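Undergrad: Below is work.tsv; it holds TSV, C-alpha atoms.
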chain	number	residue	atom	x	y	z
A	15	MET	CA	-22.02	10.36	11.38
A	16	ASN	CA	-25.16	10.70	9.33
A	17	VAL	CA	-25.96	13.45	6.83
A	18	SER	CA	-29.67	13.39	6.19
A	19	GLY	CA	-31.66	14.47	3.20
A	20	ASN	CA	-34.16	13.39	0.60
A	21	SER	CA	-32.92	10.05	-0.77
A	22	SER	CA	-35.96	9.06	-2.78
A	23	ASN	CA	-34.16	9.56	-6.10
A	24	ILE	CA	-30.91	7.99	-7.19
A	25	VAL	CA	-28.47	10.45	-8.72
A	26	PRO	CA	-26.74	9.08	-11.85
A	27	ILE	CA	-23.19	7.88	-11.31
A	28	SER	CA	-20.57	10.22	-12.80
A	29	LYS	CA	-18.04	9.15	-15.43
A	30	GLY	CA	-15.28	9.29	-12.83
A	31	GLU	CA	-17.26	6.99	-10.55
A	32	ILE	CA	-17.91	4.58	-13.42
A	33	ALA	CA	-14.18	4.51	-14.19
A	34	GLY	CA	-13.44	3.89	-10.52
A	35	LEU	CA	-15.95	1.05	-10.36
A	36	ALA	CA	-14.54	-0.60	-13.49
A	37	ILE	CA	-10.98	-0.37	-12.14
A	38	ARG	CA	-12.04	-1.82	-8.80
A	39	ALA	CA	-13.74	-4.78	-10.48
A	40	ILE	CA	-10.73	-5.52	-12.71
A	41	CYS	CA	-8.32	-5.24	-9.79
A	42	PHE	CA	-10.45	-7.52	-7.64
A	43	PHE	CA	-10.48	-10.40	-10.13
A	44	LEU	CA	-6.86	-10.08	-11.23
A	45	GLY	CA	-5.32	-9.09	-7.92
A	46	ILE	CA	-6.90	-11.69	-5.66
A	47	PHE	CA	-5.82	-14.58	-7.89
A	48	GLY	CA	-2.34	-13.14	-8.43
A	49	ASN	CA	-1.60	-12.47	-4.77
A	50	ILE	CA	-2.88	-15.86	-3.62
A	51	THR	CA	-0.56	-17.42	-6.19
A	52	VAL	CA	2.35	-15.39	-4.77
A	53	VAL	CA	1.61	-16.66	-1.26
A	54	VAL	CA	1.48	-20.28	-2.46
A	55	VAL	CA	4.76	-19.91	-4.40
A	56	LEU	CA	6.56	-18.28	-1.48
A	57	VAL	CA	5.40	-20.91	0.99
A	58	ARG	CA	6.16	-23.88	-1.28
A	59	ASN	CA	9.49	-22.84	-2.75
A	60	PHE	CA	11.21	-20.89	-0.02
A	61	LYS	CA	11.50	-23.27	2.90
A	62	LYS	CA	14.18	-21.31	4.74
A	63	ALA	CA	12.61	-18.54	6.78
A	64	ASN	CA	14.07	-15.03	6.42
A	65	PHE	CA	12.86	-11.49	6.83
A	66	THR	CA	12.68	-10.75	3.11
A	67	ARG	CA	10.28	-13.65	2.68
A	68	GLN	CA	8.20	-12.44	5.61
A	69	LEU	CA	7.97	-8.98	4.07
A	70	MET	CA	6.86	-10.39	0.73
A	71	LEU	CA	4.25	-12.59	2.41
A	72	ASN	CA	2.94	-9.64	4.41
A	73	LEU	CA	2.82	-7.47	1.30
A	74	ALA	CA	0.81	-10.12	-0.53
A	75	ALA	CA	-1.49	-10.51	2.50
A	76	SER	CA	-2.12	-6.76	2.70
A	77	ASP	CA	-2.94	-6.68	-1.02
A	78	ILE	CA	-5.35	-9.61	-0.61
A	79	LEU	CA	-7.13	-7.94	2.32
A	80	CYS	CA	-7.45	-4.66	0.44
A	81	LEU	CA	-8.78	-6.29	-2.73
A	82	ALA	CA	-11.15	-8.53	-0.76
A	83	MET	CA	-12.96	-5.37	0.37
A	84	MET	CA	-13.65	-4.24	-3.20
A	85	PRO	CA	-17.05	-5.97	-3.65
A	86	VAL	CA	-18.27	-4.08	-0.58
A	87	TRP	CA	-17.30	-0.69	-2.04
A	88	ILE	CA	-18.58	-1.54	-5.51
A	89	TRP	CA	-21.95	-2.41	-3.99
A	90	ASN	CA	-21.81	0.75	-1.88
A	91	LEU	CA	-21.35	3.01	-4.92
A	92	LEU	CA	-23.88	1.18	-7.10
A	93	PHE	CA	-26.71	0.46	-4.68
A	94	GLY	CA	-25.94	2.45	-1.54
A	95	TRP	CA	-25.08	1.51	2.02
A	96	THR	CA	-27.78	-0.66	3.55
A	97	THR	CA	-26.25	-1.40	6.98
A	98	ASP	CA	-25.28	0.76	9.94
A	99	LEU	CA	-22.53	3.32	10.49
A	100	TYR	CA	-20.33	1.01	12.54
A	101	LEU	CA	-20.00	-1.50	9.70
A	102	CYS	CA	-19.21	1.36	7.34
A	103	GLN	CA	-16.35	2.48	9.56
A	104	PHE	CA	-15.20	-1.10	10.20
A	105	PHE	CA	-14.86	-1.89	6.50
A	106	ILE	CA	-13.02	1.39	5.95
A	107	PHE	CA	-10.70	0.57	8.84
A	108	ALA	CA	-9.93	-2.90	7.41
A	109	THR	CA	-9.39	-1.51	3.90
A	110	MET	CA	-7.16	1.36	4.96
A	111	THR	CA	-5.13	-0.81	7.35
A	112	ALA	CA	-4.34	-3.03	4.37
A	113	VAL	CA	-3.53	-0.08	2.10
A	114	ASN	CA	-1.36	1.64	4.71
A	115	GLY	CA	0.34	-1.64	5.57
A	116	SER	CA	1.23	-2.19	1.92
A	117	VAL	CA	2.83	1.27	1.67
A	118	PHE	CA	4.81	0.85	4.89
A	119	ILE	CA	5.99	-2.67	4.00
A	120	VAL	CA	7.31	-1.49	0.62
A	121	THR	CA	9.16	1.27	2.50
A	122	LEU	CA	10.59	-1.23	4.97
A	123	MET	CA	11.79	-3.44	2.12
A	124	SER	CA	13.90	-0.57	0.82
A	125	VAL	CA	15.35	0.24	4.24
A	126	GLN	CA	16.07	-3.43	4.89
A	127	ARG	CA	17.95	-3.78	1.63
A	128	TYR	CA	20.13	-0.78	2.53
A	129	VAL	CA	20.88	-2.09	6.02
A	130	MET	CA	21.42	-5.69	4.92
A	131	VAL	CA	23.99	-4.73	2.29
A	132	LEU	CA	25.95	-2.23	4.38
A	133	TYR	CA	25.36	-3.32	7.97
A	134	ARG	CA	24.47	-7.01	7.84
A	135	LEU	CA	25.99	-7.86	11.23
A	136	GLN	CA	24.08	-5.06	12.96
A	137	TRP	CA	20.83	-6.23	11.39
A	138	SER	CA	21.50	-9.84	12.38
A	139	ARG	CA	21.68	-8.76	16.02
A	140	LEU	CA	17.97	-7.98	15.90
A	141	GLY	CA	17.24	-11.70	15.75
A	142	LYS	CA	13.87	-13.18	14.88
A	143	ARG	CA	12.17	-11.48	17.79
A	144	GLY	CA	13.47	-8.08	16.77
A	145	GLU	CA	12.41	-8.60	13.16
A	146	CYS	CA	8.92	-9.60	14.30
A	147	GLY	CA	8.84	-6.47	16.45
A	148	VAL	CA	9.72	-4.26	13.47
A	149	LEU	CA	7.05	-5.91	11.33
A	150	GLY	CA	4.52	-5.63	14.15
A	151	LEU	CA	5.28	-1.91	14.50
A	152	VAL	CA	4.55	-1.44	10.81
A	153	TRP	CA	1.08	-2.93	11.23
A	154	VAL	CA	0.41	-0.91	14.40
A	155	LEU	CA	1.24	2.32	12.54
A	156	ALA	CA	-0.92	1.22	9.60
A	157	ALA	CA	-3.87	0.53	11.93
A	158	ALA	CA	-3.39	3.80	13.85
A	159	LEU	CA	-3.55	5.84	10.62
A	160	ALA	CA	-6.56	3.80	9.48
A	161	ILE	CA	-8.43	4.69	12.69
A	162	SER	CA	-8.07	8.41	11.96
A	163	GLN	CA	-9.28	7.81	8.40
A	164	ALA	CA	-12.24	5.61	9.38
A	165	ALA	CA	-13.40	8.10	12.03
A	166	THR	CA	-14.27	10.63	9.31
A	167	TYR	CA	-16.60	8.29	7.42
A	168	GLY	CA	-20.37	8.46	7.67
A	169	ILE	CA	-23.56	7.44	5.89
A	170	VAL	CA	-24.51	10.26	3.53
A	171	THR	CA	-28.04	10.64	2.17
A	172	GLY	CA	-28.10	14.29	1.14
A	173	ASP	CA	-28.89	16.01	-2.14
A	174	GLY	CA	-31.40	13.38	-3.27
A	175	SER	CA	-28.67	10.77	-3.76
A	176	ARG	CA	-28.49	7.18	-2.62
A	177	ALA	CA	-27.25	6.67	0.92
A	178	ILE	CA	-23.58	5.72	0.73
A	179	CYS	CA	-20.68	5.20	3.11
A	180	GLU	CA	-18.19	7.95	2.37
A	181	GLN	CA	-15.89	10.48	3.97
A	182	VAL	CA	-17.56	13.54	5.49
A	183	PHE	CA	-15.45	16.27	7.05
A	184	ARG	CA	-16.85	18.36	9.88
A	185	SER	CA	-14.78	21.38	8.87
A	186	GLU	CA	-12.31	22.70	6.32
A	187	GLU	CA	-9.55	22.36	8.93
A	188	GLN	CA	-10.31	18.67	9.45
A	189	LYS	CA	-10.29	18.07	5.70
A	190	VAL	CA	-6.93	19.78	5.18
A	191	GLY	CA	-5.43	18.17	8.28
A	192	LEU	CA	-6.31	14.61	7.30
A	193	LEU	CA	-5.33	15.01	3.64
A	194	VAL	CA	-1.98	16.50	4.65
A	195	LEU	CA	-1.47	13.59	7.07
A	196	GLU	CA	-2.32	11.08	4.34
A	197	THR	CA	-0.01	12.68	1.81
A	198	MET	CA	2.90	12.91	4.26
A	199	ALA	CA	2.48	9.48	5.87
A	200	MET	CA	1.55	7.53	2.73
A	201	PHE	CA	3.69	9.19	0.07
A	202	VAL	CA	6.16	11.95	0.97
A	203	ILE	CA	7.87	10.17	3.88
A	204	PRO	CA	7.74	6.62	2.40
A	205	PHE	CA	8.95	7.63	-1.07
A	206	SER	CA	11.65	9.94	0.33
A	207	THR	CA	12.85	7.07	2.53
A	208	MET	CA	12.96	4.69	-0.44
A	209	LEU	CA	14.80	7.21	-2.60
A	210	VAL	CA	17.36	8.13	0.05
A	211	SER	CA	17.98	4.44	0.85
A	212	TYR	CA	18.83	3.61	-2.75
A	213	LEU	CA	20.85	6.77	-3.40
A	214	CYS	CA	22.94	6.18	-0.27
A	215	LEU	CA	23.37	2.51	-1.10
A	216	HIS	CA	24.64	3.17	-4.62
A	217	LYS	CA	26.89	5.94	-3.37
A	218	LYS	CA	28.54	3.90	-0.61
A	219	VAL	CA	28.83	0.51	-2.27
A	220	SER	CA	30.93	-0.22	-5.32
A	221	ALA	CA	29.29	-1.31	-8.57
A	222	LYS	CA	30.97	-4.70	-8.22
A	223	ALA	CA	29.47	-5.28	-4.77
A	224	LEU	CA	26.04	-4.13	-5.94
A	225	GLY	CA	26.23	-6.52	-8.86
A	226	SER	CA	26.19	-9.48	-6.50
A	227	HIS	CA	22.84	-8.32	-5.13
A	228	GLN	CA	21.20	-7.49	-8.45
A	229	ARG	CA	18.76	-10.39	-8.53
A	230	LEU	CA	16.61	-9.33	-5.60
A	231	ALA	CA	17.40	-5.65	-6.18
A	232	VAL	CA	15.57	-5.77	-9.52
A	233	LEU	CA	12.40	-6.92	-7.79
A	234	VAL	CA	12.61	-4.42	-4.91
A	235	ILE	CA	13.36	-1.47	-7.20
A	236	SER	CA	10.51	-2.51	-9.51
A	237	ILE	CA	8.11	-2.51	-6.56
A	238	VAL	CA	9.27	0.98	-5.55
A	239	VAL	CA	8.91	2.36	-9.10
A	240	THR	CA	5.39	0.96	-9.50
A	241	PHE	CA	4.51	2.37	-6.07
A	242	PHE	CA	5.42	5.84	-7.32
A	243	ILE	CA	3.59	5.47	-10.64
A	244	PHE	CA	0.30	4.29	-9.15
A	245	TRP	CA	0.25	6.49	-6.05
A	246	ILE	CA	1.29	9.86	-7.51
A	247	PRO	CA	-2.11	10.61	-9.18
A	248	TYR	CA	-3.94	10.07	-5.88
A	249	HIS	CA	-1.70	12.45	-3.97
A	250	VAL	CA	-1.70	15.04	-6.75
A	251	VAL	CA	-5.49	15.15	-6.36
A	252	ASN	CA	-5.06	15.35	-2.58
A	253	VAL	CA	-2.80	18.38	-2.96
A	254	MET	CA	-5.25	20.00	-5.37
A	255	ILE	CA	-8.01	19.55	-2.79
A	256	ILE	CA	-5.82	20.97	-0.03
A	257	VAL	CA	-4.97	24.15	-1.94
A	258	ALA	CA	-8.47	24.65	-3.35
A	259	PRO	CA	-10.43	27.64	-2.01
A	260	SER	CA	-12.39	26.98	1.16
A	261	GLU	CA	-16.06	26.12	0.79
A	262	PRO	CA	-18.97	25.78	3.19
A	263	VAL	CA	-18.85	22.64	5.34
A	264	LYS	CA	-21.87	21.14	3.57
A	265	LEU	CA	-20.00	21.27	0.26
A	266	VAL	CA	-16.66	19.93	1.48
A	267	ARG	CA	-17.45	16.33	0.55
A	268	ARG	CA	-18.47	17.43	-2.96
A	269	VAL	CA	-15.09	19.08	-3.50
A	270	ALA	CA	-13.08	16.14	-2.19
A	271	PHE	CA	-14.96	13.10	-3.43
A	272	ARG	CA	-16.43	13.52	-6.85
A	273	GLY	CA	-15.52	11.39	-9.83
A	274	PRO	CA	-11.83	12.35	-10.26
A	275	ARG	CA	-10.83	11.27	-6.76
A	276	ARG	CA	-12.74	8.01	-6.99
A	277	ALA	CA	-11.02	7.33	-10.30
A	278	VAL	CA	-7.51	7.85	-8.87
A	279	GLN	CA	-8.44	5.78	-5.83
A	280	GLY	CA	-9.10	2.98	-8.29
A	281	ILE	CA	-5.71	3.52	-9.96
A	282	VAL	CA	-4.00	2.93	-6.60
A	283	LEU	CA	-5.47	-0.58	-6.59
A	284	PHE	CA	-3.48	-1.47	-9.71
A	285	ASN	CA	-0.43	-1.43	-7.48
A	286	SER	CA	-1.83	-4.48	-5.67
A	287	CYS	CA	-2.30	-6.23	-9.02
A	288	VAL	CA	1.13	-5.44	-10.43
A	289	ASN	CA	3.13	-6.73	-7.46
A	290	PRO	CA	2.29	-10.40	-8.23
A	291	LEU	CA	3.40	-9.87	-11.85
A	292	LEU	CA	6.73	-8.55	-10.60
A	293	TYR	CA	7.13	-11.67	-8.46
A	294	ALA	CA	6.30	-13.87	-11.46
A	295	PHE	CA	8.88	-12.23	-13.74
A	296	ASN	CA	11.53	-12.48	-11.01
A	297	HIS	CA	10.56	-15.93	-9.71
A	298	ARG	CA	13.63	-17.77	-11.03
A	299	ASN	CA	16.00	-15.10	-9.76
A	300	LEU	CA	14.31	-15.13	-6.35
A	301	ARG	CA	14.77	-18.89	-6.10
A	302	ASN	CA	18.45	-18.54	-6.99
A	303	GLU	CA	18.87	-15.76	-4.45
A	304	HIS	CA	17.25	-17.86	-1.76
A	305	ARG	CA	19.35	-20.93	-2.63
A	306	ASP	CA	22.55	-18.93	-2.40
A	307	GLU	CA	21.90	-17.50	1.07
A	308	GLN	CA	24.71	-18.14	3.54
A	309	PRO	CA	25.72	-16.46	6.78
A	310	GLY	CA	27.86	-13.42	6.01
A	311	THR	CA	29.42	-10.29	7.41
A	312	ASP	CA	29.40	-6.60	6.53
A	313	VAL	CA	29.89	-5.79	2.87
A	314	ASN	CA	33.00	-3.87	3.83
A	315	THR	CA	34.74	-7.01	5.17
A	316	THR	CA	34.45	-10.59	3.93
A	317	GLN	CA	30.83	-10.81	2.91
A	318	ASN	CA	29.83	-13.69	0.71
A	319	PRO	CA	28.61	-12.11	-2.57
A	320	ASN	CA	25.44	-14.20	-2.49
A	321	ASP	CA	24.34	-13.80	1.13
A	322	PHE	CA	21.81	-11.01	0.72
A	323	SER	CA	18.41	-11.99	2.09
Spell out the structure here as C-alpha cells.

TA:
Amino acid sequence: MNVSGNSSNIVPISKGEIAGLAIRAICFFLGIFGNITVVVVLVRNFKKANFTRQLMLNLAASDILCLAMMPVWIWNLLFGWTTDLYLCQFFIFATMTAVNGSVFIVTLMSVQRYVMVLYRLQWSRLGKRGECGVLGLVWVLAAALAISQAATYGIVTGDGSRAICEQVFRSEEQKVGLLVLETMAMFVIPFSTMLVSYLCLHKKVSAKALGSHQRLAVLVISIVVTFFIFWIPYHVVNVMIIVAPSEPVKLVRRVAFRGPRRAVQGIVLFNSCVNPLLYAFNHRNLRNEHRDEQPGTDVNTTQNPNDFS
C-alpha cells in the first residue's frame, strides 16, 4: 500500500515521536544485553529440562527478536523508509510476532502455574510432545495476529513528510476492527486469564500449600504485574482512538499514529527490558526451585512441597 504525495520536505519530528525514539534506543541497548544474559543463565544453570524453563527461554527469545528490530524502526522514523513495501510488512510481521508471542507466553505461564499446582497429574499426561504442541500453538496464534497487523502497513509519503513505513487504514471500520482485535487479544483476554488464574489458585489452595511454591510464584506474579503496568497506556490510547469521532479516510492515520501513540508504543518495550531484571533478582530462588524438583502428585493428595516446575 502506497500513499503518495509531495515528499520533498521533511516534516519535523514531534515531541511524542522524539520520546518514542529515545525509549526505543534505551530499550534496545539494555534489553538485548539483559535478555541474552537470561538465555545464557538458563541454559548453563538449569540442566534439567522442564516446561517452565522452556517458557522462560521462549519469553527471552521473543524479547530479543522484538528489540533486535528497533534499529530498523528508529531509522524509519528518523530518515524514512528506503526499501520496498514487502520489506516494510516483513519487518512489521517479525516485530509483531515477537510482541504477540511475549504476551501469550506470559499468559501461558500464569495458566501453567494454576494447572501445575492444582492438577499436576493431569498436566503431566501431556508429556513433552503435548507441551511442545501447546507452545507451538502460542507461536502460531502470535504469527496469525501479526499477519493481520502487517497487512495494514504501507509506505506513506503524503503531506510533504518523509516516506515512512507505517499503518494506513483503508476505512474507519478497518481501523476500529483491528484496534478492537488488538486490545482484546493482547490485553483484555490475556490479563483476564492471568487474573482469574491467580484468584482461583489462591481461593482453592491453602496458604500453607501456596507457601511451598512462593519462590517461583514471586517471579511469575512480578512478570504479570509489569505486563499490566507497561501495556495499559498503549491500550488506553487504543480505546481513545476507537471511541474518537470518525474522520475522513485520508486523516485516519493522523488520528491513530501521531506522537502520543508512538510514545506509548515505546513504553511497551520497557516490558522486554524489565523481564531480565526480574530474572536477576530471583536467580537464586529459581536455582533452588529447580534443584528441589521431584516427581509429585496433585496438591490435594501427597504432593511434595517442592515439586512445582

Undergrad: For the atom pair CA of Leu122 in chain A and CA of Val288 in chain A, what is the interatomic distance in Å to one decimal place?

TA: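 Straight-line distance from CA of Leu122 in chain A to CA of Val288 in chain A works out to 18.6 Å.
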
Undergrad: Using only C-alpha atoms and a cutoff of 10 Å, can you tell me which residues are near (-6.3, 12.0, 2.6) in the file's coordinates, and write them out as a VMD selection string?

TA: chain A and resid 163 181 189 to 200 248 to 249 251 to 253 255 to 256 270

Undergrad: May I ask for the distance between CA of Val52 in chain A and CA of Met70 in chain A, given in Å to one decimal place?

TA: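 CA of Val52 in chain A sits 8.7 Å away from CA of Met70 in chain A.
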
Undergrad: For the atom pair CA of Ile88 in chain A and CA of Gly34 in chain A, what is the interatomic distance in Å to one decimal place?

TA: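 It comes out at 9.0 Å.
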
Undergrad: Would you list the contacts of range 205-215 of chain A as a VMD selection string, taking every protein, DNA or RNA residue within 9 Å and counting only C-alpha atoms, but skipping same-chain residues closer than 5 positions in sequence?

TA: chain A and resid 120 to 125 127 to 129 131 to 132 200 224 235 238 241 to 242

Undergrad: Just checking: using only C-alpha atoms, which residue out of A:Asn285, A:Thr171, A:Thr97, A:Gln126 ends up closest to Ser138 in chain A?

TA: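 The answer is A:Gln126, which sits nearest to Ser138 in chain A.
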
Undergrad: Go through A:Val53, A:Val86, A:Ile246, A:Phe107 one by one, measure the shortest atom-to-atom distance of each to Ala39 in chain A using all atoms listed in the file, and give the residue with the smallest value.

TA: A:Val86

Undergrad: Kindly reconstruct range 165-195 of chain A with N, CA and C atoms and present the result as a PDB file, keeping the file's coordinate frame.

TA:
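Result file rebuild-v9.pdb:
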ATOM      1  N   ALA A 165     -12.585   7.252  11.146  1.00  0.00           N
ATOM      2  CA  ALA A 165     -13.400   8.100  12.030  1.00  0.00           C
ATOM      3  C   ALA A 165     -14.113   9.204  11.275  1.00  0.00           C
ATOM      4  N   THR A 166     -13.650   9.549  10.076  1.00  0.00           N
ATOM      5  CA  THR A 166     -14.270  10.630   9.310  1.00  0.00           C
ATOM      6  C   THR A 166     -15.354  10.135   8.352  1.00  0.00           C
ATOM      7  N   TYR A 167     -15.600   8.832   8.337  1.00  0.00           N
ATOM      8  CA  TYR A 167     -16.600   8.290   7.420  1.00  0.00           C
ATOM      9  C   TYR A 167     -17.982   8.284   8.044  1.00  0.00           C
ATOM     10  N   GLY A 168     -18.982   8.474   7.218  1.00  0.00           N
ATOM     11  CA  GLY A 168     -20.370   8.460   7.670  1.00  0.00           C
ATOM     12  C   GLY A 168     -21.279   7.979   6.557  1.00  0.00           C
ATOM     13  N   ILE A 169     -22.562   7.845   6.876  1.00  0.00           N
ATOM     14  CA  ILE A 169     -23.560   7.440   5.890  1.00  0.00           C
ATOM     15  C   ILE A 169     -24.247   8.695   5.382  1.00  0.00           C
ATOM     16  N   VAL A 170     -24.044   9.004   4.118  1.00  0.00           N
ATOM     17  CA  VAL A 170     -24.510  10.260   3.530  1.00  0.00           C
ATOM     18  C   VAL A 170     -25.740  10.020   2.676  1.00  0.00           C
ATOM     19  N   THR A 171     -26.800  10.791   2.933  1.00  0.00           N
ATOM     20  CA  THR A 171     -28.040  10.640   2.170  1.00  0.00           C
ATOM     21  C   THR A 171     -28.553  11.973   1.648  1.00  0.00           C
ATOM     22  N   GLY A 172     -27.683  12.943   1.543  1.00  0.00           N
ATOM     23  CA  GLY A 172     -28.100  14.290   1.140  1.00  0.00           C
ATOM     24  C   GLY A 172     -28.232  14.449  -0.364  1.00  0.00           C
ATOM     25  N   ASP A 173     -28.784  15.566  -0.748  1.00  0.00           N
ATOM     26  CA  ASP A 173     -28.890  16.010  -2.140  1.00  0.00           C
ATOM     27  C   ASP A 173     -29.662  15.032  -3.026  1.00  0.00           C
ATOM     28  N   GLY A 174     -30.607  14.292  -2.472  1.00  0.00           N
ATOM     29  CA  GLY A 174     -31.400  13.380  -3.270  1.00  0.00           C
ATOM     30  C   GLY A 174     -30.657  12.170  -3.780  1.00  0.00           C
ATOM     31  N   SER A 175     -29.467  11.899  -3.278  1.00  0.00           N
ATOM     32  CA  SER A 175     -28.670  10.770  -3.760  1.00  0.00           C
ATOM     33  C   SER A 175     -28.901   9.544  -2.899  1.00  0.00           C
ATOM     34  N   ARG A 176     -28.414   8.411  -3.399  1.00  0.00           N
ATOM     35  CA  ARG A 176     -28.490   7.180  -2.620  1.00  0.00           C
ATOM     36  C   ARG A 176     -27.643   7.320  -1.361  1.00  0.00           C
ATOM     37  N   ALA A 177     -28.030   6.640  -0.304  1.00  0.00           N
ATOM     38  CA  ALA A 177     -27.250   6.670   0.920  1.00  0.00           C
ATOM     39  C   ALA A 177     -25.985   5.845   0.707  1.00  0.00           C
ATOM     40  N   ILE A 178     -24.836   6.441   0.907  1.00  0.00           N
ATOM     41  CA  ILE A 178     -23.580   5.720   0.730  1.00  0.00           C
ATOM     42  C   ILE A 178     -22.650   5.977   1.914  1.00  0.00           C
ATOM     43  N   CYS A 179     -21.720   5.055   2.091  1.00  0.00           N
ATOM     44  CA  CYS A 179     -20.680   5.200   3.110  1.00  0.00           C
ATOM     45  C   CYS A 179     -19.527   5.959   2.476  1.00  0.00           C
ATOM     46  N   GLU A 180     -19.289   7.166   2.933  1.00  0.00           N
ATOM     47  CA  GLU A 180     -18.190   7.950   2.370  1.00  0.00           C
ATOM     48  C   GLU A 180     -17.666   8.935   3.402  1.00  0.00           C
ATOM     49  N   GLN A 181     -16.558   9.582   3.043  1.00  0.00           N
ATOM     50  CA  GLN A 181     -15.890  10.480   3.970  1.00  0.00           C
ATOM     51  C   GLN A 181     -16.636  11.815   4.047  1.00  0.00           C
ATOM     52  N   VAL A 182     -16.864  12.269   5.264  1.00  0.00           N
ATOM     53  CA  VAL A 182     -17.560  13.540   5.490  1.00  0.00           C
ATOM     54  C   VAL A 182     -16.768  14.331   6.533  1.00  0.00           C
ATOM     55  N   PHE A 183     -16.233  15.465   6.127  1.00  0.00           N
ATOM     56  CA  PHE A 183     -15.450  16.270   7.050  1.00  0.00           C
ATOM     57  C   PHE A 183     -16.345  17.254   7.796  1.00  0.00           C
ATOM     58  N   ARG A 184     -16.064  17.437   9.068  1.00  0.00           N
ATOM     59  CA  ARG A 184     -16.850  18.360   9.880  1.00  0.00           C
ATOM     60  C   ARG A 184     -16.470  19.813   9.597  1.00  0.00           C
ATOM     61  N   SER A 185     -15.249  20.019   9.117  1.00  0.00           N
ATOM     62  CA  SER A 185     -14.780  21.380   8.870  1.00  0.00           C
ATOM     63  C   SER A 185     -13.694  21.371   7.807  1.00  0.00           C
ATOM     64  N   GLU A 186     -13.400  22.542   7.292  1.00  0.00           N
ATOM     65  CA  GLU A 186     -12.310  22.700   6.320  1.00  0.00           C
ATOM     66  C   GLU A 186     -10.976  22.327   6.949  1.00  0.00           C
ATOM     67  N   GLU A 187     -10.802  22.659   8.228  1.00  0.00           N
ATOM     68  CA  GLU A 187      -9.550  22.360   8.930  1.00  0.00           C
ATOM     69  C   GLU A 187      -9.330  20.853   9.041  1.00  0.00           C
ATOM     70  N   GLN A 188     -10.429  20.118   9.356  1.00  0.00           N
ATOM     71  CA  GLN A 188     -10.310  18.670   9.450  1.00  0.00           C
ATOM     72  C   GLN A 188      -9.952  18.053   8.102  1.00  0.00           C
ATOM     73  N   LYS A 189     -10.580  18.569   7.042  1.00  0.00           N
ATOM     74  CA  LYS A 189     -10.290  18.070   5.700  1.00  0.00           C
ATOM     75  C   LYS A 189      -8.824  18.267   5.352  1.00  0.00           C
ATOM     76  N   VAL A 190      -8.323  19.475   5.524  1.00  0.00           N
ATOM     77  CA  VAL A 190      -6.930  19.780   5.180  1.00  0.00           C
ATOM     78  C   VAL A 190      -5.983  18.969   6.063  1.00  0.00           C
ATOM     79  N   GLY A 191      -6.300  18.889   7.356  1.00  0.00           N
ATOM     80  CA  GLY A 191      -5.430  18.170   8.280  1.00  0.00           C
ATOM     81  C   GLY A 191      -5.273  16.711   7.910  1.00  0.00           C
ATOM     82  N   LEU A 192      -6.385  16.041   7.610  1.00  0.00           N
ATOM     83  CA  LEU A 192      -6.310  14.610   7.300  1.00  0.00           C
ATOM     84  C   LEU A 192      -5.644  14.374   5.949  1.00  0.00           C
ATOM     85  N   LEU A 193      -5.942  15.204   4.955  1.00  0.00           N
ATOM     86  CA  LEU A 193      -5.330  15.010   3.640  1.00  0.00           C
ATOM     87  C   LEU A 193      -3.826  15.274   3.684  1.00  0.00           C
ATOM     88  N   VAL A 194      -3.410  16.260   4.477  1.00  0.00           N
ATOM     89  CA  VAL A 194      -1.980  16.500   4.650  1.00  0.00           C
ATOM     90  C   VAL A 194      -1.325  15.298   5.338  1.00  0.00           C
ATOM     91  N   LEU A 195      -1.988  14.762   6.373  1.00  0.00           N
ATOM     92  CA  LEU A 195      -1.470  13.590   7.070  1.00  0.00           C
ATOM     93  C   LEU A 195      -1.338  12.411   6.123  1.00  0.00           C
TER      94      LEU A 195
END
